[in-house]
Structure formats: structure tokens, C-alpha cells
Amino acid sequence: MPRFWDFCWLPINKWKIRLQLTKPVTWPPLVLGVVCGAAASGNFDWTLEDVAKSIVCMLMSGPLLTGYTQTINDYYDREIDAINEPYRPIPSGVISENEVITQIWILLLGGLGLAGLLDVWAGHDIPIVFCLALGGSLISYIYSAPPLKLKQNGWIGNFALGASYISLPWWAGQALFGTLTPDIIVLTLLYSIAGLGIAIVNDFKSIEGDRLLGLQSLPVAFGAETAKWICVGAIDVTQISVAGYLLGAGKPYYALALLGLIIPQVFFQFQYFLKDPVKYDVKYQASAQPFLVLGLLVTALATSH
């Protein structure tokens, strides 16, 4: 007897491809960024309403707007991917360009719609969450698309990417439950330098295609050997600086906790990344990034007290 899924393999495969374009593995840092912002606000309560607000904000930041960012990046990288990774969905032809454009618009409008809903829900006179979502979406566009294509410059592009992944979801979470203050803006932008380092990790596997198409990623501009030290330096020095800031702000226990979370990151840098940034990039990120993310949460809790 025929089974239901015997007739549904094409749509299921297509949805898997659409999901692949949004890169779900990139959502968790954004989701945790919302948690950090909510914690830093000092106003989050474990009520049904606050939990529901945070879940909607996570949906906006992760699946929708990060999905939009990843999809539009793949769309404008289709020529590079045809050189570096021709098996990916767009250059391989398993999904059409028109289908990808439709997905971009659905994810963008869905994310902006939820941002507006959150502003109404929070009773904001100024739609700050919507403005953050719109600004982040614009950064995502000019990061990937010509004529600006920020990713052509390794420093500017990677910092923009780092700020989008660390600062923007934190700001959204904090604005949703409290007030976004100048000191938090400065602190999270400082932390975004670590995000720049994380973004460099992904550039090593694309050196050949980037060089052929004239993209000045840091591994192309400085060579792989120098770039890998710039990468770990940005990640480590930033976190040490934040620990120093917390110590100076009278939060010694939080500063020590953050320093303790840096140690395993350095270990994994020498164990994996510095040995071979192309071969071990995924293993390094899976091993080290949870400690960086926990450090973000420690920093958020410190600023809320």
C-alpha cells in the first residue's frame, strides 16, 4: 500500500533546501543575544507574557532575520560559491533564483512584521525594535549586495557581521524589556570585535574564490598564517578587555568568571584552529564558541546588577 510520503518527496526536499539556505546552525547566537539583552534589562520576569515576548523576539532575530541574512548572502555569493562550493543549493541549480528571491522577501517582511508587533506589545512610543530590525536588515543587504558589498573589505565587512550577531539581538532584547543605554551600546560594540574574529573563521575556506573575484577578505589580504592570528587575537583580546571593564566597574566575580571562560577557548584555538583553520574550522567553532556565548551571558548578568 502506498504511503503518504511516497507522494511528497519533492516538496519535502524543497523545504529542506529552503531551510538549508537559512543555515539554522547560525541562529543560536542570535537567540542567546536576545536572552542577554533581556537579562541585562533587569526587568525580565518569568511570567507567561514576558516569556512569550522573548520567544517572539527570538523568532524574529533567529529564523526570520538571520534566515533572511543567510539567504541573501547565498544569493549574492552564487558566483563565488560556483567556484568554492558548487554543490550548494543555488549554484547547483536545485532551487531557482526566483524561488530564492521570494524566500528573501518572505523572511524579511515576516521579521519586520514581528518587530512592529513587539513594539506595540511593549507599548513603545518610538518603534525601537522595528528600527533595530530595519537597520540590521539594511546592514545585511549592503554586506552582501553590490555596489557597497561590505564583505569585499575584510575589516569593515567582518565587524558589520559581528555587530549584527552580537549587538543587534542584545539591543532588541534589552529594548523590549527595558531601556537601551549608551554604556550597553558601547560595551556590545566592543564585544562585536570578538564577532569580527568569529567571522574571519569562515573566510579561510573561501580564499580561492575570494581571490579570483577580488574580495579582500583578511586571509586574502594578509595571508592565512597572519589572518589566523588576527582572528584569535580579536576574539581573546576583546574578551579580556571586557573582563577588565567588569573589574573596573566593581564586578570582580563576573570578571573572573569571564576570564575562566576564555581559557578553554584559547586551548581549542591551539588544539584545532591554529593548526589548520580550513580543516578544523567547524570542530573549532563547535568546541570554543559555546564558551564565548556563555561569556556574553555572564557580561549581561553583570550589567543587570
# chains A, B, ... in the order shown; residues from 1 in each chain; ligands from 1
$ closest_atom_pairs --of "stretch 169-278 of chain A" --to "stretch 46-57 of chain A" --cutoff "12 Å" --atoms "only C-alpha atoms" --output "Markdown table"
| residue | atom | partner | partner_atom | distance |
| --- | --- | --- | --- | --- |
| A:Pro169 | CA | A:Cys57 | CA | 8.5 |
| A:Trp170 | CA | A:Cys57 | CA | 10.5 |
| A:Trp171 | CA | A:Cys57 | CA | 11.1 |
| A:Ala172 | CA | A:Cys57 | CA | 7.6 |
| A:Gly173 | CA | A:Cys57 | CA | 7.1 |
| A:Gln174 | CA | A:Ser54 | CA | 10.3 |
| A:Ala175 | CA | A:Cys57 | CA | 10.8 |
| A:Leu176 | CA | A:Lys53 | CA | 8.1 |
| A:Phe177 | CA | A:Asp50 | CA | 8.2 |
| A:Gly178 | CA | A:Asp50 | CA | 11.8 |
$ write_last_selection --atoms "all heavy atoms" --output "compact mmCIF listing (two decimals), in the first residue's frame"
# COMPACT_ATOMS: atom_id res chain seq x y z
N PRO A 169 20.85 41.66 18.43
CA PRO A 169 19.87 40.90 19.22
C PRO A 169 19.87 41.30 20.69
O PRO A 169 18.82 41.29 21.34
CB PRO A 169 20.30 39.44 19.01
CG PRO A 169 21.71 39.50 18.58
CD PRO A 169 21.86 40.78 17.82
N TRP A 170 21.05 41.64 21.22
CA TRP A 170 21.14 42.12 22.61
C TRP A 170 20.32 43.40 22.74
O TRP A 170 19.52 43.54 23.67
CB TRP A 170 22.60 42.35 22.97
CG TRP A 170 22.87 42.80 24.38
CD1 TRP A 170 22.18 43.73 25.10
CD2 TRP A 170 23.92 42.34 25.25
NE1 TRP A 170 22.73 43.89 26.35
CE2 TRP A 170 23.78 43.06 26.46
CE3 TRP A 170 24.94 41.41 25.10
CZ2 TRP A 170 24.67 42.86 27.54
CZ3 TRP A 170 25.81 41.22 26.16
CH2 TRP A 170 25.67 41.93 27.37
N TRP A 171 20.54 44.35 21.83
CA TRP A 171 19.80 45.61 21.88
C TRP A 171 18.30 45.38 21.79
O TRP A 171 17.52 46.03 22.50
CB TRP A 171 20.25 46.53 20.75
CG TRP A 171 21.68 46.98 20.83
CD1 TRP A 171 22.54 46.79 21.88
CD2 TRP A 171 22.42 47.66 19.82
NE1 TRP A 171 23.78 47.32 21.59
CE2 TRP A 171 23.74 47.86 20.33
CE3 TRP A 171 22.13 48.12 18.55
CZ2 TRP A 171 24.73 48.51 19.59
CZ3 TRP A 171 23.11 48.76 17.82
CH2 TRP A 171 24.40 48.96 18.33
N ALA A 172 17.90 44.47 20.91
CA ALA A 172 16.46 44.19 20.76
C ALA A 172 15.88 43.64 22.05
O ALA A 172 14.80 44.06 22.51
CB ALA A 172 16.24 43.22 19.61
N GLY A 173 16.57 42.68 22.67
CA GLY A 173 16.09 42.10 23.92
C GLY A 173 16.04 43.11 25.04
O GLY A 173 15.09 43.14 25.83
N GLN A 174 17.05 43.96 25.12
CA GLN A 174 17.07 44.96 26.20
C GLN A 174 16.02 46.03 25.97
O GLN A 174 15.35 46.48 26.91
CB GLN A 174 18.46 45.58 26.32
CG GLN A 174 18.58 46.56 27.49
CD GLN A 174 19.99 46.68 28.01
OE1 GLN A 174 20.87 45.91 27.65
NE2 GLN A 174 20.22 47.66 28.87
N ALA A 175 15.86 46.47 24.72
CA ALA A 175 14.86 47.49 24.42
C ALA A 175 13.45 46.97 24.64
O ALA A 175 12.55 47.73 25.02
CB ALA A 175 15.02 47.97 22.97
N LEU A 176 13.25 45.67 24.43
CA LEU A 176 11.92 45.08 24.60
C LEU A 176 11.48 45.10 26.05
O LEU A 176 10.31 45.33 26.35
CB LEU A 176 11.94 43.64 24.06
CG LEU A 176 10.62 42.87 24.10
CD1 LEU A 176 9.54 43.57 23.27
CD2 LEU A 176 10.84 41.44 23.61
N PHE A 177 12.43 44.89 26.97
CA PHE A 177 12.08 44.77 28.38
C PHE A 177 12.54 45.95 29.24
O PHE A 177 12.18 46.04 30.41
CB PHE A 177 12.66 43.48 28.96
CG PHE A 177 12.05 42.25 28.39
CD1 PHE A 177 12.70 41.51 27.42
CD2 PHE A 177 10.78 41.82 28.81
CE1 PHE A 177 12.14 40.36 26.88
CE2 PHE A 177 10.21 40.68 28.27
CZ PHE A 177 10.88 39.95 27.31
N GLY A 178 13.36 46.83 28.67
CA GLY A 178 13.87 47.94 29.46
C GLY A 178 14.30 49.09 28.58
O GLY A 178 13.67 49.39 27.57
$ closest_atom_pairs --of "stretch 174-203 of chain A" --to "stretch 257-278 of chain A" --cutoff "12 Å" --atoms "only C-alpha atoms" --output "tab-separated table"
residue	atom	partner	partner_atom	distance
A:Ala194	CA	A:Ile262	CA	11.7
A:Gly197	CA	A:Gln269	CA	11.9
A:Ile198	CA	A:Phe273	CA	11.3
A:Ile200	CA	A:Pro277	CA	10.0
A:Val201	CA	A:Pro277	CA	7.1
A:Asn202	CA	A:Val278	CA	8.6
A:Asp203	CA	A:Val278	CA	9.0
$ closest_residue --among "A:Gly62, A:Gly37, A:Gly250, A:Pro24" --to "A:Thr181" --atoms "only C-alpha atoms"
A:Gly37
$ closest_residue --among "A:Val35, A:Ala300, A:Ile240, A:Ile139" --to "A:Ile156" --atoms "only C-alpha atoms"
A:Ile139
$ closest_residue --among "A:Gly111, A:Gly244, A:Pro127, A:Pro91" --to "A:Leu187" --atoms "only C-alpha atoms"
A:Gly244
$ residues_around --residues "A:Thr102" --least-positions-apart "5" --cutoff "12 Å" --atoms "only C-alpha atoms" --output "ChimeraX atom specification"
/A:18,68,71-72,75,95-97,107-109
